[in-house]
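Enquirer: What follows is model18.cif; its format and atoms are mmCIF, C-alpha atoms.
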```cif
data_target
#
loop_
_atom_site.label_atom_id
_atom_site.label_comp_id
_atom_site.auth_asym_id
_atom_site.auth_seq_id
_atom_site.Cartn_x
_atom_site.Cartn_y
_atom_site.Cartn_z
CA MET A 80 84.57 108.80 112.47
CA GLU A 81 81.88 107.34 110.22
CA LEU A 82 81.89 107.95 106.47
CA ASP A 83 78.61 108.00 104.57
CA PRO A 84 78.09 106.08 101.27
CA ARG A 85 79.33 108.97 99.12
CA GLN A 86 82.49 109.43 101.19
CA THR A 87 83.04 105.67 101.29
CA LEU A 88 82.88 105.56 97.49
CA ILE A 89 85.41 108.40 97.23
CA VAL A 90 87.85 106.59 99.53
CA ALA A 91 87.34 103.32 97.62
CA ILE A 92 88.20 104.97 94.31
CA LEU A 93 91.33 106.50 95.84
CA VAL A 94 92.26 103.12 97.31
CA LEU A 95 91.86 101.48 93.90
CA TYR A 96 94.08 104.18 92.37
CA LEU A 97 96.63 103.50 95.12
CA GLY A 98 96.66 99.79 94.30
CA ARG A 99 97.17 100.49 90.60
CA TYR A 100 99.96 102.95 91.34
CA ILE A 101 101.79 100.55 93.67
CA ASN A 102 101.42 97.58 91.32
CA GLY A 103 102.65 99.74 88.45
CA ARG A 104 105.79 100.68 90.40
CA VAL A 105 106.53 97.35 92.12
CA GLY A 106 107.39 94.75 89.51
CA LEU A 107 107.11 91.86 91.95
CA LEU A 108 103.42 92.56 92.61
CA ARG A 109 102.70 92.93 88.90
CA ASP A 110 104.71 89.88 87.84
CA TYR A 111 102.94 87.68 90.38
CA ASN A 112 99.51 89.04 89.37
CA ILE A 113 98.49 90.43 92.77
CA PRO A 114 95.08 92.10 92.23
CA GLU A 115 95.22 95.89 92.41
CA PRO A 116 92.26 96.15 94.85
CA VAL A 117 94.05 93.75 97.19
CA THR A 118 97.22 95.85 97.17
CA GLY A 119 95.40 99.13 97.72
CA GLY A 120 92.85 97.75 100.15
CA LEU A 121 95.43 96.15 102.43
CA LEU A 122 97.59 99.27 102.48
CA ALA A 123 94.54 101.38 103.32
CA SER A 124 93.45 99.05 106.13
CA LEU A 125 96.97 99.17 107.55
CA GLY A 126 96.84 102.96 107.39
CA PHE A 127 93.51 103.08 109.23
CA ALA A 128 94.93 100.65 111.80
CA LEU A 129 97.85 103.03 112.44
CA VAL A 130 95.41 105.92 112.83
CA TYR A 131 93.55 103.87 115.45
CA ALA A 132 96.79 102.89 117.22
CA PHE A 133 98.06 106.46 117.56
CA THR A 134 94.83 108.44 117.98
CA ALA A 135 92.28 105.83 119.17
CA SER A 136 90.04 107.13 116.35
CA GLU A 137 88.15 104.41 114.51
CA VAL A 138 87.19 105.00 110.88
CA THR A 139 84.02 103.17 109.82
CA PHE A 140 82.32 103.00 106.45
CA ASP A 141 78.74 102.80 105.21
CA MET A 142 78.74 99.79 102.87
CA ALA A 143 75.39 100.34 101.14
CA ASN A 144 77.10 100.84 97.76
CA ARG A 145 79.27 97.75 98.20
CA ASP A 146 76.31 95.37 98.24
CA MET A 147 74.96 96.81 94.99
CA LEU A 148 78.40 96.64 93.37
CA LEU A 149 78.54 92.92 94.18
CA ILE A 150 75.16 92.37 92.51
CA VAL A 151 76.20 94.40 89.45
CA PHE A 152 79.44 92.46 89.16
CA PHE A 153 77.87 89.01 89.26
CA THR A 154 75.18 90.16 86.84
CA THR A 155 77.89 91.12 84.35
CA ILE A 156 79.47 87.69 84.77
CA GLY A 157 76.12 86.09 83.95
CA LEU A 158 75.68 88.37 80.93
CA SER A 159 79.15 87.32 79.72
CA SER A 160 78.34 83.58 79.90
CA ARG A 161 77.39 82.30 76.45
CA ILE A 162 75.85 78.87 76.09
CA ASP A 163 78.70 77.62 73.89
CA VAL A 164 81.20 78.50 76.62
CA LEU A 165 78.92 76.89 79.22
CA LYS A 166 78.92 73.67 77.17
CA GLN A 167 82.70 73.75 76.84
CA GLY A 168 83.03 74.30 80.56
CA GLY A 169 80.58 71.55 81.51
CA ARG A 170 83.24 68.92 82.14
CA SER A 171 85.48 71.38 84.00
CA LEU A 172 82.50 72.52 86.07
CA LEU A 173 81.71 68.95 87.13
CA ILE A 174 85.33 68.13 87.94
CA LEU A 175 85.88 71.32 89.94
CA LEU A 176 82.61 70.80 91.79
CA VAL A 177 83.64 67.30 92.89
CA LEU A 178 87.11 68.54 93.86
CA ALA A 179 85.71 71.55 95.74
CA VAL A 180 83.29 69.41 97.74
CA SER A 181 86.09 66.94 98.52
CA TYR A 182 88.31 69.78 99.62
CA LEU A 183 85.71 70.96 102.12
CA PHE A 184 86.32 67.69 103.99
CA LEU A 185 90.11 68.14 103.77
CA GLN A 186 89.88 71.73 104.95
CA ASN A 187 87.84 70.77 107.98
CA LEU A 188 89.98 67.74 108.81
CA ALA A 189 93.07 69.97 108.72
CA GLY A 190 91.35 72.44 111.05
CA ILE A 191 90.26 69.65 113.39
CA GLY A 192 93.80 68.25 113.45
CA VAL A 193 95.35 71.62 114.35
CA ALA A 194 92.70 72.22 117.00
CA MET A 195 93.24 68.83 118.65
CA LEU A 196 97.03 69.25 118.62
CA ASN A 197 96.53 72.51 120.49
CA GLY A 198 94.18 70.87 123.00
CA ALA A 199 91.12 72.64 121.63
CA PRO A 200 87.77 70.96 120.89
CA PRO A 201 87.40 69.47 117.38
CA ALA A 202 84.42 71.73 116.69
CA LEU A 203 86.80 74.69 116.72
CA GLY A 204 88.55 73.09 113.75
CA VAL A 205 85.29 73.09 111.81
CA LEU A 206 84.66 76.73 112.73
CA THR A 207 88.14 77.71 111.52
CA GLY A 208 87.85 75.36 108.54
CA SER A 209 85.18 75.53 105.87
CA VAL A 210 82.83 77.63 108.01
CA SER A 211 85.17 80.64 107.95
CA LEU A 212 87.42 79.97 104.94
CA SER A 213 85.35 78.46 102.12
CA GLY A 214 82.22 79.93 103.69
CA GLY A 215 83.60 83.41 104.34
CA HIS A 216 82.24 86.13 106.60
CA GLY A 217 78.57 85.41 105.86
CA THR A 218 78.78 81.74 106.81
CA ALA A 219 80.88 82.54 109.90
CA ILE A 220 78.26 85.03 111.09
CA ALA A 221 75.43 82.59 110.40
CA TRP A 222 77.04 79.66 112.26
CA ALA A 223 78.63 81.54 115.18
CA PRO A 224 75.51 81.40 117.41
CA THR A 225 75.33 77.63 116.93
CA PHE A 226 78.94 77.15 118.02
CA ALA A 227 78.44 79.49 120.95
CA ALA A 228 75.22 77.85 122.22
CA GLU A 229 75.81 74.17 121.43
CA TYR A 230 79.60 73.77 121.59
CA GLY A 231 80.55 76.13 124.40
CA MET A 232 82.37 78.72 122.31
CA PRO A 233 81.25 82.20 123.42
CA TYR A 234 84.10 83.60 121.29
CA ALA A 235 82.86 81.88 118.12
CA MET A 236 81.89 85.11 116.34
CA GLU A 237 85.26 86.77 116.93
CA VAL A 238 87.27 83.68 115.93
CA GLY A 239 85.13 83.02 112.85
CA LEU A 240 85.35 86.57 111.56
CA ALA A 241 89.09 86.76 112.27
CA CYS A 242 89.74 83.55 110.38
CA ALA A 243 87.54 84.67 107.48
CA THR A 244 89.39 87.99 107.34
CA PHE A 245 92.83 86.41 107.28
CA GLY A 246 91.58 83.95 104.67
CA LEU A 247 90.32 86.81 102.51
CA ILE A 248 93.73 88.47 102.66
CA PHE A 249 95.75 85.35 101.89
CA GLY A 250 93.24 84.25 99.25
CA GLY A 251 93.83 87.51 97.37
CA VAL A 252 97.60 87.16 97.55
CA ILE A 253 98.18 83.51 96.70
CA GLY A 254 96.21 83.04 93.48
CA GLY A 255 98.46 85.04 91.16
CA PRO A 256 101.72 83.33 92.16
CA ILE A 257 100.10 79.89 91.77
CA ALA A 258 98.97 80.69 88.23
CA ARG A 259 102.33 82.24 87.35
CA TYR A 260 104.17 79.13 88.53
CA LEU A 261 101.87 76.77 86.63
CA VAL A 262 102.04 78.80 83.41
CA TRP A 263 105.82 79.18 83.61
CA ARG A 264 106.50 75.60 84.70
CA ASN A 265 104.37 74.07 81.94
CA LYS A 266 105.01 76.72 79.24
CA LEU A 267 101.30 77.39 78.75
CA ASN A 268 99.57 79.83 76.43
CA PRO A 269 95.94 80.97 76.18
CA GLU A 270 93.73 78.80 73.99
CA ASP A 271 91.36 81.68 73.25
CA SER A 272 92.47 84.89 71.54
CA GLY A 273 89.18 86.74 72.13
CA GLU A 274 88.27 89.49 74.57
CA LEU A 275 88.73 89.36 78.32
CA THR A 276 85.69 88.60 80.45
CA VAL A 277 86.62 91.27 83.00
CA GLY A 278 88.59 94.40 82.13
CA PHE A 279 91.28 94.98 79.51
CA ARG A 280 94.79 93.67 79.11
CA TYR A 281 97.48 95.91 80.56
CA LYS A 282 98.37 98.86 78.27
CA GLU A 283 95.39 98.05 76.04
CA HIS A 284 93.05 100.85 75.06
CA GLU A 285 89.94 101.23 72.95
CA ILE A 286 87.39 103.99 72.50
CA ILE A 287 84.10 103.19 74.26
CA ASP A 288 81.13 105.27 73.16
CA VAL A 289 78.06 106.45 75.06
CA ASP A 290 75.74 104.13 73.13
CA GLY A 291 77.70 101.06 74.21
CA ILE A 292 77.69 102.06 77.88
CA LEU A 293 73.96 102.85 77.82
CA LYS A 294 73.19 99.44 76.32
CA VAL A 295 75.22 97.76 79.03
CA LEU A 296 73.54 99.71 81.83
CA LEU A 297 70.09 98.96 80.37
CA VAL A 298 70.75 95.23 80.13
CA ILE A 299 72.31 95.10 83.61
CA ALA A 300 69.31 96.89 85.13
CA ILE A 301 66.87 94.51 83.42
CA ALA A 302 68.88 91.44 84.48
CA ILE A 303 69.04 92.63 88.11
CA GLY A 304 65.27 93.15 88.09
CA VAL A 305 64.71 89.62 86.74
CA GLY A 306 67.17 88.25 89.30
CA MET A 307 65.42 89.96 92.21
CA HIS A 308 62.02 88.64 91.11
CA LEU A 309 63.53 85.17 90.66
CA ASN A 310 64.90 85.36 94.20
CA ASP A 311 61.47 86.30 95.55
CA LEU A 312 59.94 83.38 93.66
CA LEU A 313 62.48 80.88 94.99
CA GLY A 314 62.12 82.33 98.49
CA GLY A 315 58.39 81.63 98.32
CA TRP A 316 59.27 78.00 97.62
CA GLY A 317 61.57 77.87 100.64
CA LEU A 318 64.89 78.14 98.77
CA MET A 319 66.86 81.07 100.19
CA LEU A 320 69.72 82.32 98.02
CA PRO A 321 71.80 85.53 98.04
CA ASP A 322 70.58 88.16 95.58
CA PHE A 323 73.79 88.05 93.57
CA VAL A 324 73.33 84.33 92.82
CA THR A 325 69.90 84.77 91.24
CA CYS A 326 71.14 87.86 89.37
CA LEU A 327 74.01 85.76 88.01
CA PHE A 328 71.51 83.17 86.74
CA ALA A 329 69.26 85.91 85.35
CA GLY A 330 72.19 87.23 83.34
CA ILE A 331 72.93 83.76 81.97
CA ILE A 332 69.28 83.23 81.00
CA LEU A 333 68.89 86.61 79.29
CA THR A 334 72.18 86.53 77.39
CA ASN A 335 71.36 83.11 75.95
CA SER A 336 67.73 83.79 75.03
CA LEU A 337 66.95 87.43 74.13
CA PRO A 338 69.60 87.82 71.38
CA ARG A 339 67.83 85.02 69.47
CA PHE A 340 64.52 86.88 69.57
CA LEU A 341 66.10 90.31 68.97
CA PRO A 342 68.80 89.57 66.38
CA ARG A 343 69.07 93.21 65.32
CA TYR A 344 69.80 94.42 68.83
CA GLN A 345 73.52 94.40 69.52
CA TRP A 346 73.67 92.44 72.77
CA PRO A 347 76.63 93.56 74.94
CA THR A 348 78.06 90.09 75.65
CA GLY A 349 81.74 90.08 74.77
CA THR A 350 81.96 93.87 74.43
CA ARG A 351 84.56 96.11 76.00
CA SER A 352 81.81 98.16 77.63
CA LEU A 353 80.50 95.17 79.59
CA ALA A 354 84.06 94.15 80.55
CA LEU A 355 84.72 97.70 81.76
CA VAL A 356 81.64 97.82 84.00
CA SER A 357 82.53 94.38 85.35
CA ASP A 358 86.09 95.45 86.14
CA VAL A 359 85.05 98.70 87.85
CA SER A 360 82.35 97.08 90.01
CA LEU A 361 84.68 94.26 91.10
CA GLY A 362 87.56 96.62 91.85
CA LEU A 363 85.45 98.97 93.95
CA PHE A 364 83.75 96.09 95.79
CA LEU A 365 87.07 94.55 96.81
CA SER A 366 88.58 97.94 97.66
CA MET A 367 85.68 98.65 100.02
CA SER A 368 85.86 95.17 101.54
CA LEU A 369 89.58 95.26 102.26
CA MET A 370 89.98 98.90 103.28
CA SER A 371 87.26 98.42 105.91
CA LEU A 372 89.06 95.54 107.65
CA GLN A 373 89.57 96.43 111.30
CA LEU A 374 92.99 94.86 111.68
CA TRP A 375 93.38 96.07 115.25
CA ALA A 376 90.46 93.87 116.25
CA LEU A 377 92.39 90.83 115.00
CA ALA A 378 95.60 91.49 116.92
CA ASP A 379 94.71 89.32 119.92
CA LEU A 380 93.81 86.36 117.69
CA ALA A 381 96.62 86.71 115.17
CA GLY A 382 99.06 84.31 116.88
CA SER A 383 96.73 81.33 117.10
CA MET A 384 95.28 82.05 113.65
CA LEU A 385 98.66 82.10 111.92
CA ILE A 386 99.41 78.46 112.74
CA LEU A 387 96.07 77.35 111.39
CA LEU A 388 96.33 79.52 108.28
CA ALA A 389 99.87 78.34 107.58
CA VAL A 390 98.58 74.76 107.49
CA GLN A 391 95.60 75.76 105.33
CA LEU A 392 97.84 77.78 103.01
CA VAL A 393 100.19 74.85 102.39
CA LEU A 394 97.23 72.52 101.92
CA ILE A 395 95.49 74.65 99.26
CA VAL A 396 98.75 75.19 97.34
CA LEU A 397 99.44 71.46 97.19
CA PHE A 398 95.83 70.67 96.32
CA THR A 399 95.56 73.19 93.48
CA VAL A 400 98.99 72.51 91.96
CA PHE A 401 99.02 68.72 92.16
CA VAL A 402 95.33 67.80 92.02
CA VAL A 403 93.09 70.54 90.59
CA PHE A 404 95.48 71.60 87.82
CA ARG A 405 96.13 68.08 86.61
CA LEU A 406 92.56 66.82 86.74
CA LEU A 407 91.34 69.90 84.85
CA GLY A 408 93.67 69.11 81.96
CA ALA A 409 96.94 70.85 82.92
CA ASN A 410 96.31 73.62 80.36
CA TYR A 411 96.15 77.42 80.52
CA ASP A 412 92.48 77.49 81.51
CA ALA A 413 93.26 75.05 84.33
CA ALA A 414 96.02 77.35 85.60
CA VAL A 415 93.65 80.33 85.64
CA ILE A 416 90.97 78.27 87.39
CA CYS A 417 93.57 77.27 90.01
CA SER A 418 94.30 80.95 90.72
CA GLY A 419 90.59 81.51 91.23
CA TYR A 420 89.88 78.38 93.21
CA SER A 421 92.71 79.04 95.68
CA GLY A 422 91.16 82.44 96.38
CA LEU A 423 87.75 80.85 96.69
CA ALA A 424 88.88 78.15 99.12
CA LEU A 425 90.53 80.68 101.42
CA GLY A 426 88.46 83.80 100.86
CA ALA A 427 85.42 84.46 98.72
CA THR A 428 84.12 84.29 95.15
CA PRO A 429 84.94 87.97 94.36
CA THR A 430 88.51 87.31 95.52
CA ALA A 431 88.65 84.34 93.15
CA ILE A 432 87.47 86.48 90.24
CA ALA A 433 89.95 89.22 91.14
CA ASN A 434 92.78 86.67 91.03
CA MET A 435 91.69 85.40 87.61
CA THR A 436 91.21 88.94 86.33
CA ALA A 437 94.77 89.89 87.30
CA VAL A 438 96.14 86.76 85.59
CA THR A 439 94.16 87.15 82.36
CA LYS A 440 94.97 90.86 82.08
CA ALA A 441 98.64 89.94 82.08
CA LEU A 442 98.62 86.65 80.16
CA GLY A 443 95.45 86.41 78.08
CA PRO A 444 91.76 85.38 78.20
CA ALA A 445 90.28 82.25 79.76
CA PRO A 446 86.50 82.56 79.28
CA ARG A 447 85.65 79.10 80.64
CA ALA A 448 87.32 79.92 83.94
CA PHE A 449 84.98 82.87 84.45
CA VAL A 450 81.98 80.58 84.00
CA VAL A 451 83.16 77.59 86.03
CA VAL A 452 84.54 79.28 89.16
CA PRO A 453 81.60 81.65 89.86
CA LEU A 454 79.06 78.84 89.44
CA VAL A 455 80.95 76.60 91.85
CA GLY A 456 81.70 79.38 94.32
CA ALA A 457 78.45 81.33 94.25
CA PHE A 458 76.03 78.44 94.39
CA PHE A 459 77.25 74.88 94.85
CA ILE A 460 79.84 75.50 97.57
CA ASP A 461 77.41 77.11 100.01
CA LEU A 462 74.89 74.28 99.66
CA SER A 463 77.53 71.56 100.00
CA ASN A 464 79.28 73.34 102.85
CA ALA A 465 76.15 73.41 105.01
CA LEU A 466 75.69 69.65 104.65
CA ILE A 467 79.36 68.91 105.36
CA ILE A 468 79.48 71.18 108.41
CA ASN A 469 76.47 69.42 109.92
CA THR A 470 77.97 66.00 109.14
CA LEU A 471 81.37 66.74 110.70
CA LEU A 472 79.84 68.35 113.78
CA ALA A 473 77.78 65.20 114.26
CA TRP A 474 80.93 63.09 114.00
CA PHE A 475 83.36 65.19 116.06
CA GLY A 476 81.15 67.60 118.01
#
```
Now, as a test, write the supplied structure out as structure tokens.
Expert:
Amino acid sequence: MELDPRQTLIVAILVLYLGRYINGRVGLLRDYNIPEPVTGGLLASLGFALVYAFTASEVTFDMANRDMLLIVFFTTIGLSSRIDVLKQGGRSLLILLVLAVSYLFLQNLAGIGVAMLNGAPPALGVLTGSVSLSGGHGTAIAWAPTFAAEYGMPYAMEVGLACATFGLIFGGVIGGPIARYLVWRNKLNPEDSGELTVGFRYKEHEIIDVDGILKVLLVIAIAIGVGMHLNDLLGGWGLMLPDFVTCLFAGIILTNSLPRFLPRYQWPTGTRSLALVSDVSLGLFLSMSLMSLQLWALADLAGSMLILLAVQLVLIVLFTVFVVFRLLGANYDAAVICSGYSGLALGATPTAIANMTAVTKALGPAPRAFVVVPLVGAFFIDLSNALIINTLLAWFG
């Protein structure tokens, strides 16, 4: 059974409602800041897996809306990034970038070690390392033909996607507990008492008028247009980037330039309307991504993947708690960044943002975190990862 874009959107909204309902009733999920889309999406994917197991009926979704939601979300993050916050986050951005690049080596070396202990070729460790985890589904799909043709792995696509899927799940679960532990252990409080970058705090309400929403939609549409044209321009120069990356940069450029030339126009940066659109687009994107996971296709690979992921899970927890947190200053912002980075290292940038959103809704804002993590995850990691993958394959392949 295949659902069209409209039906897929309906199911995604219901899944998001399910996640909110479950989190609202289960204190453990709420206390450990598990993102609502993760809760609902995983329950939905389990439900669809049971339908397949008992009826052999496969439910598939048309993801046309999901791709646009991702672009809208990253555009709102760019529009929320003021230059003063960018300056404050400059040091944190540099530190996290160095740590993230270093961790790509650690992630791959851990994968290579597990592969060799199991008698598998070292290249498999790279495939199940930063290719599938830090790189995610897109990188796994892009590299799978190379592993199949040059390293004798005809199963590379299946293994890569399975590892990326498990990483996405664990990445969405682990970030909240890490932040909760760091905040509780070090008795931390938010340094900024302003508005949240994404969404509202729990039980917080405010009237949002039509004018505010229209302004947000207008600015988002303009920023997306600029981002698409910027992508075409860079593509003509040979630099290929995902659309959401250039839309993120377009948002940053516009929000730090146009308000100076149009001082009378109330720019939406920092408004509840922009935070609301950001929250909705992220929630629906993750709900669609997780509810569409075909868990039955992973059953045959689950056993071998669990050993690898257990090692990777322990590694990222130790790295974020004892290295990333301390080098970023051991403050509240650092704890929020750790929740995001753990999701990024195992899953994807939207998972990282969802982790940070859940934490800040419960504990308070951390605007620098929402600048630093997306820039590292959406741009620098992919470029660095490609170089490191090639280097390690040359060494161990």
Enquirer: Quick one: apply the PyMOL selection byres ((chain A and resi 357-360) around 10) to the file and drop the selected residues here as number ranges by chain.
Expert: A: 92, 95, 145, 147-156, 159, 276-279, 351-356, 361-366, 432-433, 436
Enquirer: What do you get, as a list in words, if you spell out every residue that the PyMOL selection byres ((chain A and resi 451) around 10) selects here?
Expert: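 Applying the expression gives Ser160, Val164, Leu165, Gln167, Gly168, Gly169, Arg170, Ser171, Leu172, Leu173, Ile174, Leu175, Leu176, Ile416, Gly419, Tyr420, Pro446, Arg447, Ala448, Phe449, Val450, Val452, Pro453, Leu454, Val455 and Gly456 of chain A.
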Enquirer: Using all atoms listed in the file for the distances, tell me which of A:Gly198, A:Arg259, A:Leu369, A:Gly126 is nearest to Ala437 in chain A.
Expert: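 So, comparing all the options, the nearest one is A:Arg259.
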Enquirer: Taking only C-alpha atoms into account, produce a table as a tab-separated table in which each residue of range 379-443 of chain A with an atom at most 9 Å from an atom of range 213-224 of chain A appears once, together with its shortest atom pair and the distance in Å to one decimal, ordered by chain and rising number.
Expert:
```
residue	atom	partner	partner_atom	distance
A:Leu423	CA	A:Ser213	CA	6.4
A:Ala424	CA	A:Ser213	CA	4.6
A:Leu425	CA	A:Ser213	CA	5.7
A:Gly426	CA	A:Gly215	CA	6.0
A:Ala427	CA	A:Gly215	CA	6.0
```
Enquirer: Counting only C-alpha atoms, what is within 6 Å of range 402-413 of chain A, bar same-chain residues fewer than 6 positions away, as a PyMOL selection string?
Expert: chain A and resi 267-269+445
Enquirer: Keeping only C-alpha atoms, take the residues you just selected and write them out as a PDB file, in the coordinates of the input.
Expert:
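Just written: result33.pdb:
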```pdb
ATOM      1  CA  LEU A 267     101.300  77.390  78.750  1.00  0.00           C
ATOM      2  CA  ASN A 268      99.570  79.830  76.430  1.00  0.00           C
ATOM      3  CA  PRO A 269      95.940  80.970  76.180  1.00  0.00           C
ATOM      4  CA  ALA A 445      90.280  82.250  79.760  1.00  0.00           C
TER       5      ALA A 445
END
```
Enquirer: Residues within 6 Å of range 80-84 of chain A, please, as an NGL selection string. Count only C-alpha atoms; anything in the same chain fewer than 2 positions from it doesn't count.
Expert: :A and (86-87 or 138-141)
Enquirer: Please compute the CA of Leu337 in chain A-CA of Leu293 in chain A distance, one decimal, in Å.
Expert: 17.3 Å
Enquirer: Compile the contact shell of Val390 in chain A as a ChimeraX atom specification: residues with an atom at most 10 Å away, counting all atoms listed in the file, same-chain residues fewer than 6 positions apart removed.
Expert: /A:186,189-190,193
Enquirer: What is the distance between CA of Met435 in chain A and CA of Gly204 in chain A, in Å to one decimal?
Expert: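 Computing the Euclidean distance for CA of Met435 in chain A and CA of Gly204 in chain A yields 29.1 Å.
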Enquirer: For CA of Thr348 in chain A and CA of Arg161 in chain A, quote the distance in Å rounded to one decimal.
Expert: 7.9 Å
Enquirer: Which of these, A:Thr118, A:Asn434, A:Ile248, A:Pro321, has the shortest distance to Arg104 in chain A once you count only C-alpha atoms?
Expert: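 Closest to Arg104 in chain A of all the choices is A:Thr118.
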Enquirer: Given the file above and the PyMOL selection byres ((chain A and resi 301-303) around 7), which residues are selected, and can you give them as number ranges by chain?
Expert: A: 154, 297-300, 304-307, 326, 329-330
Enquirer: Would you mind listing what lies within 9 Å of Ser124 in chain A as a list in words, with all atoms listed in the file counted and same-chain residues fewer than 3 positions away left out?
Expert: Gly119, Gly120, Leu121, Phe127, Ala128, Leu129, Leu369, Met370, Ser371, Leu372, Gln373 and Leu374 of chain A
Enquirer: Looking at all atoms listed in the file, which of A:Gly246, A:Pro201, A:Gly192, A:Pro114 is the one that sits closest to Leu388 in chain A?
Expert: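 Closest to Leu388 in chain A, using all atoms listed in the file: A:Gly246.
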Enquirer: Tell me which of A:Val210, A:Ala123, A:Val438, A:Ile257 sits closest to Leu93 in chain A, counting only C-alpha atoms.
Expert: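 Of A:Val210, A:Ala123, A:Val438, A:Ile257, the one nearest Leu93 in chain A, counting only C-alpha atoms, is A:Ala123.
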Enquirer: For Asp290 in chain A, work out the shell of residues within 12 Å, counting only C-alpha atoms and skipping chain neighbours fewer than 3 positions away, then give it as JSON, numbers by chain.
Expert: {"A": [286, 287, 293, 294, 295, 296, 297, 345, 346, 347, 352]}
Enquirer: Take range 114-126 of chain A from the preceding structure and save C-alpha atoms as a PDB file, in the first residue's frame.
Expert:
```pdb
ATOM      1  CA  PRO A 114      12.291  14.093  21.204  1.00  0.00           C
ATOM      2  CA  GLU A 115       8.577  13.669  20.549  1.00  0.00           C
ATOM      3  CA  PRO A 116       9.044  12.840  16.827  1.00  0.00           C
ATOM      4  CA  VAL A 117      11.460  10.070  17.811  1.00  0.00           C
ATOM      5  CA  THR A 118       8.953   8.531  20.228  1.00  0.00           C
ATOM      6  CA  GLY A 119       6.056   8.690  17.782  1.00  0.00           C
ATOM      7  CA  GLY A 120       8.084   7.769  14.721  1.00  0.00           C
ATOM      8  CA  LEU A 121       9.598   4.654  16.285  1.00  0.00           C
ATOM      9  CA  LEU A 122       6.240   3.462  17.596  1.00  0.00           C
ATOM     10  CA  ALA A 123       4.705   3.987  14.154  1.00  0.00           C
ATOM     11  CA  SER A 124       7.506   2.119  12.385  1.00  0.00           C
ATOM     12  CA  LEU A 125       7.084  -0.756  14.841  1.00  0.00           C
ATOM     13  CA  GLY A 126       3.362  -0.757  14.103  1.00  0.00           C
TER      14      GLY A 126
END
```
